[in-house]
file entry_9.json (JSON, C-alpha atoms and all ligand atoms)
[["chain", "number", "residue", "atom", "x", "y", "z"],
["A", 1, "MET", "CA", 98.88, 70.36, 73.32],
["A", 2, "THR", "CA", 100.93, 67.68, 75.15],
["A", 3, "VAL", "CA", 101.74, 68.70, 78.72],
["A", 4, "PRO", "CA", 104.77, 67.18, 80.48],
["A", 5, "PRO", "CA", 103.59, 65.38, 83.67],
["A", 6, "SER", "CA", 104.92, 67.99, 86.09],
["A", 7, "PHE", "CA", 102.85, 70.68, 84.36],
["A", 8, "ASP", "CA", 99.79, 68.45, 84.28],
["A", 9, "LEU", "CA", 96.91, 69.96, 86.30],
["A", 10, "SER", "CA", 94.45, 67.09, 85.92],
["A", 11, "GLY", "CA", 92.27, 66.73, 88.99],
["A", 12, "ARG", "CA", 92.98, 70.29, 90.20],
["A", 13, "LEU", "CA", 90.33, 72.98, 90.59],
["A", 14, "ALA", "CA", 91.47, 76.53, 89.86],
["A", 15, "VAL", "CA", 89.73, 79.81, 90.71],
["A", 16, "VAL", "CA", 90.47, 82.66, 88.28],
["A", 17, "THR", "CA", 89.19, 86.16, 89.03],
["A", 18, "GLY", "CA", 88.53, 88.75, 86.33],
["A", 19, "ALA", "CA", 88.23, 85.89, 83.86],
["A", 20, "ALA", "CA", 85.87, 87.49, 81.32],
["A", 21, "ARG", "CA", 88.59, 89.10, 79.22],
["A", 22, "GLY", "CA", 92.26, 90.03, 78.94],
["A", 23, "LEU", "CA", 94.78, 88.10, 80.99],
["A", 24, "GLY", "CA", 92.12, 86.34, 83.07],
["A", 25, "ALA", "CA", 90.51, 84.77, 80.00],
["A", 26, "ALA", "CA", 93.90, 83.54, 78.74],
["A", 27, "PHE", "CA", 94.77, 82.19, 82.22],
["A", 28, "ALA", "CA", 91.50, 80.25, 82.40],
["A", 29, "VAL", "CA", 91.94, 78.65, 78.99],
["A", 30, "GLY", "CA", 95.63, 77.95, 79.67],
["A", 31, "LEU", "CA", 94.84, 76.18, 82.95],
["A", 32, "ALA", "CA", 92.14, 74.15, 81.20],
["A", 33, "SER", "CA", 94.59, 73.16, 78.45],
["A", 34, "ALA", "CA", 96.84, 71.79, 81.22],
["A", 35, "GLY", "CA", 93.93, 69.74, 82.64],
["A", 36, "ALA", "CA", 92.47, 71.92, 85.41],
["A", 37, "ASP", "CA", 88.77, 72.41, 86.10],
["A", 38, "LEU", "CA", 87.76, 76.02, 86.56],
["A", 39, "VAL", "CA", 85.81, 78.38, 88.78],
["A", 40, "LEU", "CA", 85.57, 81.69, 86.93],
["A", 41, "VAL", "CA", 84.50, 84.96, 88.49],
["A", 42, "ASP", "CA", 83.90, 88.42, 87.11],
["A", 43, "ARG", "CA", 81.79, 91.39, 88.06],
["A", 44, "PRO", "CA", 78.05, 91.54, 87.36],
["A", 45, "GLY", "CA", 77.45, 92.46, 83.72],
["A", 46, "ALA", "CA", 80.70, 90.91, 82.45],
["A", 47, "ASP", "CA", 80.10, 88.11, 79.93],
["A", 48, "LEU", "CA", 81.92, 84.94, 80.95],
["A", 49, "SER", "CA", 80.20, 82.71, 78.37],
["A", 50, "PRO", "CA", 82.93, 82.79, 75.66],
["A", 51, "VAL", "CA", 85.55, 81.75, 78.21],
["A", 52, "VAL", "CA", 83.25, 79.05, 79.63],
["A", 53, "ALA", "CA", 82.86, 77.71, 76.08],
["A", 54, "ALA", "CA", 86.63, 77.76, 75.49],
["A", 55, "VAL", "CA", 87.30, 75.91, 78.76],
["A", 56, "THR", "CA", 84.68, 73.26, 78.04],
["A", 57, "ARG", "CA", 86.15, 72.75, 74.56],
["A", 58, "HIS", "CA", 89.22, 71.45, 76.44],
["A", 59, "GLY", "CA", 86.94, 68.91, 78.11],
["A", 60, "ARG", "CA", 87.15, 70.60, 81.51],
["A", 61, "THR", "CA", 84.36, 71.53, 83.91],
["A", 62, "CYS", "CA", 83.73, 75.24, 84.30],
["A", 63, "HIS", "CA", 81.65, 77.08, 86.92],
["A", 64, "PRO", "CA", 81.04, 80.79, 86.19],
["A", 65, "TYR", "CA", 80.21, 83.23, 89.00],
["A", 66, "SER", "CA", 79.03, 86.79, 88.82],
["A", 67, "PHE", "CA", 80.47, 88.53, 91.86],
["A", 68, "ASP", "CA", 81.76, 92.02, 92.61],
["A", 69, "LEU", "CA", 85.07, 91.54, 94.36],
["A", 70, "SER", "CA", 85.01, 95.07, 95.73],
["A", 71, "ASP", "CA", 82.35, 93.81, 98.18],
["A", 72, "THR", "CA", 85.07, 92.77, 100.61],
["A", 73, "ALA", "CA", 82.74, 91.57, 103.38],
["A", 74, "ALA", "CA", 81.05, 89.13, 100.99],
["A", 75, "ILE", "CA", 84.31, 87.43, 99.92],
["A", 76, "ALA", "CA", 84.64, 84.83, 102.71],
["A", 77, "PRO", "CA", 81.00, 83.65, 102.46],
["A", 78, "TRP", "CA", 81.40, 83.42, 98.66],
["A", 79, "VAL", "CA", 84.56, 81.32, 98.98],
["A", 80, "ASP", "CA", 82.80, 79.05, 101.51],
["A", 81, "GLU", "CA", 79.92, 78.58, 99.06],
["A", 82, "VAL", "CA", 82.27, 77.75, 96.17],
["A", 83, "ARG", "CA", 84.20, 75.24, 98.31],
["A", 84, "ARG", "CA", 80.95, 73.63, 99.50],
["A", 85, "ASP", "CA", 79.46, 73.35, 96.00],
["A", 86, "ARG", "CA", 82.57, 72.58, 93.90],
["A", 87, "GLY", "CA", 84.98, 70.76, 96.19],
["A", 88, "PRO", "CA", 88.59, 71.44, 97.25],
["A", 89, "LEU", "CA", 90.28, 74.46, 95.68],
["A", 90, "HIS", "CA", 93.83, 73.79, 94.52],
["A", 91, "ILE", "CA", 94.82, 76.95, 92.65],
["A", 92, "LEU", "CA", 93.87, 80.60, 93.15],
["A", 93, "VAL", "CA", 94.71, 83.14, 90.45],
["A", 94, "ASN", "CA", 94.03, 86.62, 91.80],
["A", 95, "ASN", "CA", 93.92, 88.37, 88.45],
["A", 96, "ALA", "CA", 91.04, 90.91, 88.58],
["A", 97, "GLY", "CA", 92.35, 94.43, 88.71],
["A", 98, "VAL", "CA", 91.52, 98.01, 87.78],
["A", 99, "ALA", "CA", 93.68, 100.93, 86.68],
["A", 100, "ARG", "CA", 93.05, 104.67, 86.42],
["A", 101, "LEU", "CA", 95.25, 107.35, 84.91],
["A", 102, "GLU", "CA", 95.23, 110.67, 86.75],
["A", 103, "HIS", "CA", 97.63, 113.18, 88.25],
["A", 104, "PHE", "CA", 98.49, 112.58, 91.91],
["A", 105, "ASN", "CA", 96.56, 115.69, 93.01],
["A", 106, "GLU", "CA", 93.41, 114.67, 91.14],
["A", 107, "ILE", "CA", 93.02, 111.31, 92.87],
["A", 108, "THR", "CA", 89.89, 111.42, 95.03],
["A", 109, "VAL", "CA", 89.35, 109.32, 98.14],
["A", 110, "ALA", "CA", 86.72, 107.35, 96.20],
["A", 111, "ALA", "CA", 89.12, 106.62, 93.31],
["A", 112, "TRP", "CA", 91.90, 105.59, 95.69],
["A", 113, "ARG", "CA", 89.54, 103.29, 97.58],
["A", 114, "GLU", "CA", 88.17, 101.76, 94.35],
["A", 115, "VAL", "CA", 91.65, 100.78, 93.18],
["A", 116, "MET", "CA", 92.68, 99.49, 96.61],
["A", 117, "ARG", "CA", 89.47, 97.52, 97.16],
["A", 118, "VAL", "CA", 89.87, 95.50, 93.95],
["A", 119, "ASN", "CA", 93.65, 95.36, 93.59],
["A", 120, "VAL", "CA", 94.62, 94.85, 97.23],
["A", 121, "ASP", "CA", 91.70, 94.12, 99.59],
["A", 122, "ALA", "CA", 90.09, 91.50, 97.34],
["A", 123, "VAL", "CA", 93.45, 89.86, 96.59],
["A", 124, "PHE", "CA", 94.27, 89.52, 100.27],
["A", 125, "PHE", "CA", 90.87, 88.45, 101.58],
["A", 126, "LEU", "CA", 90.33, 85.95, 98.77],
["A", 127, "ALA", "CA", 93.76, 84.44, 99.41],
["A", 128, "GLN", "CA", 93.07, 84.43, 103.16],
["A", 129, "ARG", "CA", 89.84, 82.42, 102.88],
["A", 130, "VAL", "CA", 90.95, 80.15, 100.03],
["A", 131, "ALA", "CA", 94.16, 79.33, 101.91],
["A", 132, "GLU", "CA", 92.19, 78.35, 105.01],
["A", 133, "HIS", "CA", 90.22, 75.87, 102.90],
["A", 134, "MET", "CA", 93.42, 74.61, 101.26],
["A", 135, "ILE", "CA", 94.87, 73.94, 104.71],
["A", 136, "ALA", "CA", 91.68, 72.25, 105.93],
["A", 137, "ASP", "CA", 91.54, 70.12, 102.77],
["A", 138, "GLY", "CA", 95.25, 69.26, 102.97],
["A", 139, "VAL", "CA", 95.92, 70.23, 99.35],
["A", 140, "PRO", "CA", 99.33, 71.49, 98.11],
["A", 141, "GLY", "CA", 97.76, 74.81, 97.14],
["A", 142, "ARG", "CA", 99.10, 77.37, 94.71],
["A", 143, "ILE", "CA", 98.31, 81.08, 95.00],
["A", 144, "VAL", "CA", 99.33, 83.26, 92.08],
["A", 145, "ASN", "CA", 98.65, 86.97, 92.40],
["A", 146, "ILE", "CA", 98.91, 89.15, 89.33],
["A", 147, "SER", "CA", 100.86, 92.27, 90.23],
["A", 148, "SER", "CA", 102.63, 94.31, 87.55],
["A", 149, "LYS", "CA", 105.96, 95.77, 86.57],
["A", 150, "ASN", "CA", 104.37, 98.80, 88.32],
["A", 151, "GLY", "CA", 104.60, 96.88, 91.58],
["A", 152, "LEU", "CA", 108.37, 96.96, 91.16],
["A", 153, "MET", "CA", 108.92, 100.33, 89.49],
["A", 154, "ALA", "CA", 106.61, 103.37, 89.42],
["A", 155, "GLU", "CA", 105.08, 105.16, 86.45],
["A", 156, "ALA", "CA", 103.66, 108.71, 86.48],
["A", 157, "GLY", "CA", 99.87, 109.12, 86.51],
["A", 158, "LEU", "CA", 99.30, 105.84, 88.31],
["A", 159, "ALA", "CA", 100.07, 106.55, 91.99],
["A", 160, "HIS", "CA", 97.16, 104.44, 93.30],
["A", 161, "TYR", "CA", 97.79, 101.63, 90.82],
["A", 162, "ASN", "CA", 101.55, 101.56, 91.56],
["A", 163, "ALA", "CA", 100.88, 101.53, 95.31],
["A", 164, "SER", "CA", 98.31, 98.75, 94.95],
["A", 165, "LYS", "CA", 100.66, 96.54, 92.96],
["A", 166, "GLY", "CA", 103.54, 97.19, 95.37],
["A", 167, "ALA", "CA", 101.21, 96.01, 98.13],
["A", 168, "VAL", "CA", 100.40, 92.85, 96.16],
["A", 169, "GLU", "CA", 104.13, 92.07, 95.97],
["A", 170, "LEU", "CA", 104.64, 92.28, 99.74],
["A", 171, "LEU", "CA", 101.37, 90.71, 100.80],
["A", 172, "THR", "CA", 102.24, 87.77, 98.53],
["A", 173, "ARG", "CA", 105.61, 87.32, 100.24],
["A", 174, "SER", "CA", 103.84, 87.49, 103.61],
["A", 175, "LEU", "CA", 101.49, 84.72, 102.46],
["A", 176, "ALA", "CA", 104.45, 82.68, 101.20],
["A", 177, "ALA", "CA", 106.08, 82.86, 104.62],
["A", 178, "GLU", "CA", 102.92, 81.87, 106.50],
["A", 179, "LEU", "CA", 101.57, 79.28, 104.08],
["A", 180, "GLY", "CA", 104.86, 77.56, 103.24],
["A", 181, "PRO", "CA", 104.65, 75.35, 106.37],
["A", 182, "HIS", "CA", 101.32, 74.05, 105.02],
["A", 183, "GLY", "CA", 102.84, 73.15, 101.65],
["A", 184, "ILE", "CA", 101.11, 76.06, 99.91],
["A", 185, "THR", "CA", 103.06, 78.44, 97.69],
["A", 186, "ALA", "CA", 102.31, 82.10, 96.94],
["A", 187, "ASN", "CA", 103.97, 84.00, 94.11],
["A", 188, "THR", "CA", 103.24, 86.86, 91.73],
["A", 189, "ILE", "CA", 103.39, 87.32, 88.01],
["A", 190, "ALA", "CA", 104.44, 90.86, 87.12],
["A", 191, "PRO", "CA", 103.39, 91.52, 83.53],
["A", 192, "GLY", "CA", 104.70, 94.42, 81.48],
["A", 193, "MET", "CA", 102.81, 95.98, 78.56],
["A", 194, "ILE", "CA", 100.19, 93.42, 77.56],
["A", 195, "ALA", "CA", 97.56, 94.34, 74.96],
["A", 196, "THR", "CA", 94.21, 94.26, 76.82],
["A", 197, "PRO", "CA", 91.33, 96.73, 77.34],
["A", 198, "ILE", "CA", 92.51, 97.66, 80.88],
["A", 199, "ASP", "CA", 93.75, 101.11, 79.82],
["A", 200, "GLY", "CA", 90.93, 101.74, 77.31],
["A", 201, "ASP", "CA", 89.56, 104.68, 79.34],
["A", 202, "PHE", "CA", 92.92, 106.40, 79.81],
["A", 203, "SER", "CA", 92.92, 109.96, 78.55],
["A", 204, "LEU", "CA", 96.15, 110.21, 76.53],
["A", 205, "ASP", "CA", 97.50, 110.41, 72.99],
["A", 206, "ARG", "CA", 97.18, 106.65, 72.47],
["A", 207, "GLN", "CA", 99.02, 106.41, 69.18],
["A", 208, "ALA", "CA", 102.06, 108.30, 70.46],
["A", 209, "PHE", "CA", 101.92, 106.47, 73.81],
["A", 210, "GLU", "CA", 101.85, 103.02, 72.25],
["A", 211, "ALA", "CA", 104.56, 103.94, 69.72],
["A", 212, "ALA", "CA", 106.78, 105.13, 72.61],
["A", 213, "TRP", "CA", 106.24, 101.84, 74.44],
["A", 214, "GLU", "CA", 106.91, 99.80, 71.31],
["A", 215, "GLU", "CA", 110.33, 101.50, 71.16],
["A", 216, "ARG", "CA", 110.92, 101.08, 74.90],
["A", 217, "ILE", "CA", 110.35, 97.29, 75.04],
["A", 218, "PRO", "CA", 113.64, 95.47, 74.29],
["A", 219, "LEU", "CA", 112.15, 92.24, 72.95],
["A", 220, "ARG", "CA", 111.32, 92.21, 69.25],
["A", 221, "GLY", "CA", 107.56, 92.48, 68.70],
["A", 222, "GLY", "CA", 106.79, 95.14, 71.33],
["A", 223, "TYR", "CA", 103.61, 94.64, 73.39],
["A", 224, "GLY", "CA", 102.93, 91.17, 74.74],
["A", 225, "THR", "CA", 99.67, 89.25, 74.44],
["A", 226, "PRO", "CA", 97.71, 87.66, 77.31],
["A", 227, "ASP", "CA", 98.87, 84.25, 76.03],
["A", 228, "ASP", "CA", 102.48, 85.36, 76.62],
["A", 229, "CYS", "CA", 101.76, 85.26, 80.38],
["A", 230, "VAL", "CA", 100.23, 81.76, 80.47],
["A", 231, "GLY", "CA", 103.52, 79.83, 80.60],
["A", 232, "ALA", "CA", 104.53, 81.68, 83.78],
["A", 233, "LEU", "CA", 101.21, 80.75, 85.38],
["A", 234, "LEU", "CA", 101.46, 77.07, 84.44],
["A", 235, "LEU", "CA", 104.91, 76.95, 86.05],
["A", 236, "LEU", "CA", 103.79, 78.60, 89.29],
["A", 237, "ALA", "CA", 100.48, 76.67, 89.48],
["A", 238, "SER", "CA", 101.86, 73.19, 88.84],
["A", 239, "ASP", "CA", 104.20, 70.63, 90.40],
["A", 240, "ALA", "CA", 106.94, 72.01, 88.12],
["A", 241, "GLY", "CA", 106.96, 75.09, 90.37],
["A", 242, "ARG", "CA", 106.73, 73.15, 93.62],
["A", 243, "TYR", "CA", 109.78, 74.84, 95.21],
["A", 244, "ILE", "CA", 109.14, 78.38, 93.93],
["A", 245, "ASN", "CA", 107.70, 80.38, 96.81],
["A", 246, "GLY", "CA", 107.48, 84.06, 97.69],
["A", 247, "THR", "CA", 108.90, 85.53, 94.53],
["A", 248, "HIS", "CA", 107.81, 87.28, 91.35],
["A", 249, "LEU", "CA", 108.09, 86.28, 87.74],
["A", 250, "VAL", "CA", 108.43, 89.33, 85.52],
["A", 251, "VAL", "CA", 106.89, 88.86, 82.06],
["A", 252, "ASP", "CA", 107.69, 92.16, 80.35],
["A", 253, "GLY", "CA", 109.90, 91.54, 77.32],
["A", 254, "GLY", "CA", 112.84, 93.03, 79.22],
["A", 255, "VAL", "CA", 111.44, 96.47, 80.13],
["A", 256, "LEU", "CA", 112.60, 96.40, 83.76],
["A", 257, "ALA", "CA", 115.99, 95.03, 82.71],
["A", 258, "ASP", "CA", 116.75, 98.10, 80.61],
["A", 259, "GLN", "CA", 116.95, 101.42, 82.49],
["A", 260, "MET", "CA", 116.97, 103.50, 79.34],
["A", 261, "PRO", "CA", 116.63, 102.49, 75.67],
["A", 262, "ARG", "CA", 120.20, 103.58, 74.87],
["A", 263, "LEU", "CA", 120.40, 101.34, 71.79],
["A", 264, "ARG", "CA", 118.21, 103.84, 69.97],
["A", 265, "PHE", "CA", 121.01, 106.42, 70.17],
["A", 266, "MET", "CA", 123.87, 104.12, 69.19],
["A", 267, "PRO", "CA", 125.03, 103.11, 65.72],
["A", 268, "PRO", "CA", 123.06, 100.11, 64.45],
["A", 269, "TYR", "CA", 124.15, 96.59, 65.45],
["A", 270, "ARG", "CA", 126.80, 95.08, 63.17],
["A", 271, "SER", "CA", 127.85, 91.45, 63.34],
["A", 272, "THR", "CA", 131.49, 90.74, 64.16],
["A", 273, "LEU", "CA", 131.28, 87.15, 62.92],
["B", 1, "LIG", "N1", 97.37, 94.54, 80.58],
["B", 1, "LIG", "C1", 98.53, 94.88, 81.09],
["B", 1, "LIG", "O1", 99.40, 95.45, 80.41],
["B", 1, "LIG", "C2", 98.85, 94.54, 82.53],
["B", 1, "LIG", "C3", 100.14, 94.79, 82.98],
["B", 1, "LIG", "C4", 100.47, 94.49, 84.29],
["B", 1, "LIG", "C5", 99.53, 93.97, 85.14],
["B", 1, "LIG", "N2", 98.27, 93.73, 84.70],
["B", 1, "LIG", "C6", 97.32, 93.17, 85.64],
["B", 1, "LIG", "O2", 96.74, 92.00, 85.11],
["B", 1, "LIG", "C7", 95.42, 91.83, 85.64],
["B", 1, "LIG", "C8", 94.47, 91.65, 84.47],
["B", 1, "LIG", "O3", 94.53, 92.81, 83.68],
["B", 1, "LIG", "P1", 93.94, 92.92, 82.21],
["B", 1, "LIG", "O4", 94.88, 93.78, 81.44],
["B", 1, "LIG", "O5", 93.54, 91.59, 81.70],
["B", 1, "LIG", "O6", 92.65, 93.82, 82.53],
["B", 1, "LIG", "P2", 91.18, 93.81, 81.93],
["B", 1, "LIG", "O7", 90.59, 95.13, 82.30],
["B", 1, "LIG", "O8", 91.17, 93.43, 80.49],
["B", 1, "LIG", "O9", 90.48, 92.63, 82.76],
["B", 1, "LIG", "C9", 90.26, 92.76, 84.12],
["B", 1, "LIG", "C10", 89.06, 91.91, 84.48],
["B", 1, "LIG", "O10", 88.83, 92.08, 85.89],
["B", 1, "LIG", "C11", 87.44, 92.25, 86.09],
["B", 1, "LIG", "N3", 87.18, 93.01, 87.31],
["B", 1, "LIG", "C12", 87.54, 94.28, 87.57],
["B", 1, "LIG", "N4", 87.00, 94.68, 88.74],
["B", 1, "LIG", "C13", 86.31, 93.63, 89.24],
["B", 1, "LIG", "C14", 85.53, 93.42, 90.40],
["B", 1, "LIG", "N5", 85.31, 94.42, 91.28],
["B", 1, "LIG", "N6", 84.96, 92.22, 90.59],
["B", 1, "LIG", "C15", 85.13, 91.21, 89.69],
["B", 1, "LIG", "N7", 85.85, 91.35, 88.57],
["B", 1, "LIG", "C16", 86.43, 92.55, 88.34],
["B", 1, "LIG", "C17", 86.98, 93.03, 84.86],
["B", 1, "LIG", "O11", 85.58, 92.97, 84.66],
["B", 1, "LIG", "C18", 87.78, 92.38, 83.76],
["B", 1, "LIG", "O12", 87.12, 91.28, 83.19],
["B", 1, "LIG", "C19", 95.14, 93.06, 86.48],
["B", 1, "LIG", "O13", 95.39, 92.78, 87.83],
["B", 1, "LIG", "C20", 96.15, 94.07, 85.96],
["B", 1, "LIG", "O14", 96.46, 95.05, 86.91],
["B", 1, "LIG", "C21", 97.90, 94.01, 83.41]]

call {"tool": "encode", "arguments": {"input": "entry_9.json", "output": "structure tokens", "more": "lines below"}}
Ligand SMILES: NC(=O)c1ccc[n+]([C@@H]2O[C@H](COP(=O)([O-])OP(=O)(O)OC[C@H]3O[C@@H](n4cnc5c(N)ncnc54)[C@H](O)[C@@H]3O)[C@@H](O)[C@H]2O)c1
result
Amino acid sequence: MTVPPSFDLSGRLAVVTGAARGLGAAFAVGLASAGADLVLVDRPGADLSPVVAAVTRHGRTCHPYSFDLSDTAAIAPWVDEVRRDRGPLHILVNNAGVARLEHFNEITVAAWREVMRVNVDAVFFLAQRVAEHMIADGVPGRIVNISSKNGLMAEAGLAHYNASKGAVELLTRSLAAELGPHGITANTIAPGMIATPIDGDFSLDRQAFEAAWEERIPLRGGYGTPDDCVGALLLLASDAGRYINGTHLVVDGGVLADQMPRLRFMPPYRSTL
């Protein structure tokens, strides 16, 4: 792959959380293909080795870490250790996230806290500590937080998840406002329906659910793949996105653009050419 100079990430070190699978794995390999070296983190028990191998195949250095991001108090010391051992951090991709499907009245305090600890607390406190190092190192840092279309529009059965992603949207804009003066940008990517194992435990009629979504997504092809989100990241993480700060990039095939799939109820498209 030939990367235009402004998308070139040679000499940059990127931290990607939740990198063992799904979007995080695609983000790590995509950043490596653009020239970045990688720090990968996932929770204990997750196997990072296939992603490490894919990154090194691109000729990039890769440092895997096993770390549970829900241990909020341990985040700052961990970031300090990574900075000390690996050098200045240029890019942070806050990708790790969890989702649960349950009625609003069935959400326990423990479940609410679990979702908030990973999706909100870890995102904020990682960004907080990494940004301090970026400022101290004088690097033009890039923070990219992965929110969701659910951070912009709600969906039943996901009250905690929706709330967590809404928080990611606003905390990212807060970071953009405070870090902009230091030359550091903060933005979100808001993916739509991307085929990953994140909803594997959801108790629902999966076939009917996925068929309904396939019909609901305007763009031909239905569900997206993790690779479909990589271009957005390379823009926001590189010099090409230098002036993009405090906004979100929706990568959803047009779901949020279309209130209701009315086309389904209209006569089929006919060319007027
Ligand atoms: N897949 C989608 O359709 C979709 C849509 C919108 C947003 N997102 C968001 O994209 C991000 C990635 O989602 P995905 O679909 O790839 O999910 P996934 O479940 O496939 O991957 C998430 C990764 O995060 C890791 N992780 C979870 N908790 C962790 C913790 N406490 N400490 C360290 N690592 C932890 C997991 O082990 C896993 O490797 C999430 O923030 C998710 O909310 C996904």

call {"tool": "closest_atom_pairs", "arguments": {"input": "entry_9.json", "of": "chain A", "to": "ligand LIG 1 (chain B)", "cutoff": "8 Å", "atoms": "all atoms listed in the file", "output": "JSON lines"}}
result
{"residue": "A:Thr17", "atom": "CA", "partner": "B:LIG1", "partner_atom": "N7", "distance": 6.2}
{"residue": "A:Gly18", "atom": "CA", "partner": "B:LIG1", "partner_atom": "O10", "distance": 3.4}
{"residue": "A:Ala19", "atom": "CA", "partner": "B:LIG1", "partner_atom": "O12", "distance": 5.5}
{"residue": "A:Ala20", "atom": "CA", "partner": "B:LIG1", "partner_atom": "O12", "distance": 4.4}
{"residue": "A:Arg21", "atom": "CA", "partner": "B:LIG1", "partner_atom": "O12", "distance": 4.8}
{"residue": "A:Gly22", "atom": "CA", "partner": "B:LIG1", "partner_atom": "O5", "distance": 3.4}
{"residue": "A:Leu23", "atom": "CA", "partner": "B:LIG1", "partner_atom": "O5", "distance": 3.8}
{"residue": "A:Gly24", "atom": "CA", "partner": "B:LIG1", "partner_atom": "O5", "distance": 5.6}
{"residue": "A:Ala25", "atom": "CA", "partner": "B:LIG1", "partner_atom": "O5", "distance": 7.7}
{"residue": "A:Val41", "atom": "CA", "partner": "B:LIG1", "partner_atom": "C15", "distance": 6.4}
{"residue": "A:Asp42", "atom": "CA", "partner": "B:LIG1", "partner_atom": "N7", "distance": 3.8}
{"residue": "A:Arg43", "atom": "CA", "partner": "B:LIG1", "partner_atom": "C15", "distance": 3.7}
{"residue": "A:Pro44", "atom": "CA", "partner": "B:LIG1", "partner_atom": "C15", "distance": 7.5}
{"residue": "A:Ala46", "atom": "CA", "partner": "B:LIG1", "partner_atom": "O11", "distance": 5.7}
{"residue": "A:Ser66", "atom": "CA", "partner": "B:LIG1", "partner_atom": "C15", "distance": 7.6}
{"residue": "A:Phe67", "atom": "CA", "partner": "B:LIG1", "partner_atom": "C15", "distance": 5.8}
{"residue": "A:Asp68", "atom": "CA", "partner": "B:LIG1", "partner_atom": "N6", "distance": 3.8}
{"residue": "A:Leu69", "atom": "CA", "partner": "B:LIG1", "partner_atom": "N6", "distance": 3.8}
{"residue": "A:Ser70", "atom": "CA", "partner": "B:LIG1", "partner_atom": "N5", "distance": 4.5}
{"residue": "A:Asp71", "atom": "CA", "partner": "B:LIG1", "partner_atom": "N5", "distance": 7.5}
{"residue": "A:Asn94", "atom": "CA", "partner": "B:LIG1", "partner_atom": "O13", "distance": 7.5}
{"residue": "A:Asn95", "atom": "CA", "partner": "B:LIG1", "partner_atom": "O13", "distance": 4.7}
{"residue": "A:Ala96", "atom": "CA", "partner": "B:LIG1", "partner_atom": "O10", "distance": 3.7}
{"residue": "A:Gly97", "atom": "CA", "partner": "B:LIG1", "partner_atom": "O13", "distance": 3.6}
{"residue": "A:Val98", "atom": "CA", "partner": "B:LIG1", "partner_atom": "C12", "distance": 5.5}
{"residue": "A:Ala99", "atom": "CA", "partner": "B:LIG1", "partner_atom": "O14", "distance": 6.5}
{"residue": "A:Arg117", "atom": "CA", "partner": "B:LIG1", "partner_atom": "N5", "distance": 7.8}
{"residue": "A:Val118", "atom": "CA", "partner": "B:LIG1", "partner_atom": "N5", "distance": 5.4}
{"residue": "A:Asn119", "atom": "CA", "partner": "B:LIG1", "partner_atom": "O13", "distance": 6.5}
{"residue": "A:Ile146", "atom": "CA", "partner": "B:LIG1", "partner_atom": "O13", "distance": 5.3}
{"residue": "A:Ser147", "atom": "CA", "partner": "B:LIG1", "partner_atom": "C5", "distance": 5.5}
{"residue": "A:Ser148", "atom": "CA", "partner": "B:LIG1", "partner_atom": "C4", "distance": 3.9}
{"residue": "A:Lys149", "atom": "CA", "partner": "B:LIG1", "partner_atom": "C4", "distance": 6.1}
{"residue": "A:Asn150", "atom": "CA", "partner": "B:LIG1", "partner_atom": "C4", "distance": 7.1}
{"residue": "A:Tyr161", "atom": "CA", "partner": "B:LIG1", "partner_atom": "O14", "distance": 7.8}
{"residue": "A:Lys165", "atom": "CA", "partner": "B:LIG1", "partner_atom": "O14", "distance": 7.5}
{"residue": "A:Ala190", "atom": "CA", "partner": "B:LIG1", "partner_atom": "C4", "distance": 6.1}
{"residue": "A:Pro191", "atom": "CA", "partner": "B:LIG1", "partner_atom": "C4", "distance": 4.2}
{"residue": "A:Gly192", "atom": "CA", "partner": "B:LIG1", "partner_atom": "C3", "distance": 4.8}
{"residue": "A:Met193", "atom": "CA", "partner": "B:LIG1", "partner_atom": "O1", "distance": 3.9}
{"residue": "A:Ile194", "atom": "CA", "partner": "B:LIG1", "partner_atom": "O1", "distance": 3.6}
{"residue": "A:Ala195", "atom": "CA", "partner": "B:LIG1", "partner_atom": "N1", "distance": 5.6}
{"residue": "A:Thr196", "atom": "CA", "partner": "B:LIG1", "partner_atom": "O4", "distance": 4.7}
{"residue": "A:Pro197", "atom": "CA", "partner": "B:LIG1", "partner_atom": "O8", "distance": 4.6}
{"residue": "A:Ile198", "atom": "CA", "partner": "B:LIG1", "partner_atom": "O7", "distance": 3.5}
{"residue": "A:Asp199", "atom": "CA", "partner": "B:LIG1", "partner_atom": "O7", "distance": 7.2}
{"residue": "A:Gly224", "atom": "CA", "partner": "B:LIG1", "partner_atom": "O1", "distance": 7.9}
{"residue": "A:Pro226", "atom": "CA", "partner": "B:LIG1", "partner_atom": "O5", "distance": 7.2}

call {"tool": "residues_around", "arguments": {"input": "entry_9.json", "residues": "segment 26-37 of chain A", "least_positions_apart": "4", "cutoff": "7 Å", "atoms": "only C-alpha atoms", "output": "list in words"}}
result
Val3, Phe7, Asp8, Leu9, Ser10, Gly11, Arg12, Leu13, Ala14, Val16, Ala19, Gly22, Ala54, Val55, His58, Arg60, Thr61, Cys62, Pro226, Asp227, Val230 and Leu234 of chain A

call {"tool": "atom_distance", "arguments": {"input": "entry_9.json", "atom1": "atom CA of Phe104 of chain A", "atom2": "atom CA of Arg173 of chain A"}}
result
27.5 Å

call {"tool": "atom_distance", "arguments": {"input": "entry_9.json", "atom1": "atom CA of Pro181 of chain A", "atom2": "atom CA of Glu169 of chain A"}}
result
19.7 Å

call {"tool": "closest_residue", "arguments": {"input": "entry_9.json", "among": "A:Asp228, A:Glu178, A:Glu102, A:Glu214", "to": "Pro261 of chain A", "atoms": "only C-alpha atoms"}}
result
A:Glu214

call {"tool": "closest_residue", "arguments": {"input": "entry_9.json", "among": "A:Ala176, A:Ile135, A:Ala186, A:Met116", "to": "Asn162 of chain A", "atoms": "only C-alpha atoms"}}
result
A:Met116

call {"tool": "closest_residue", "arguments": {"input": "entry_9.json", "among": "A:Ala127, A:Ala154, A:Leu256, A:Leu92", "to": "Leu233 of chain A", "atoms": "only C-alpha atoms"}}
result
A:Leu92
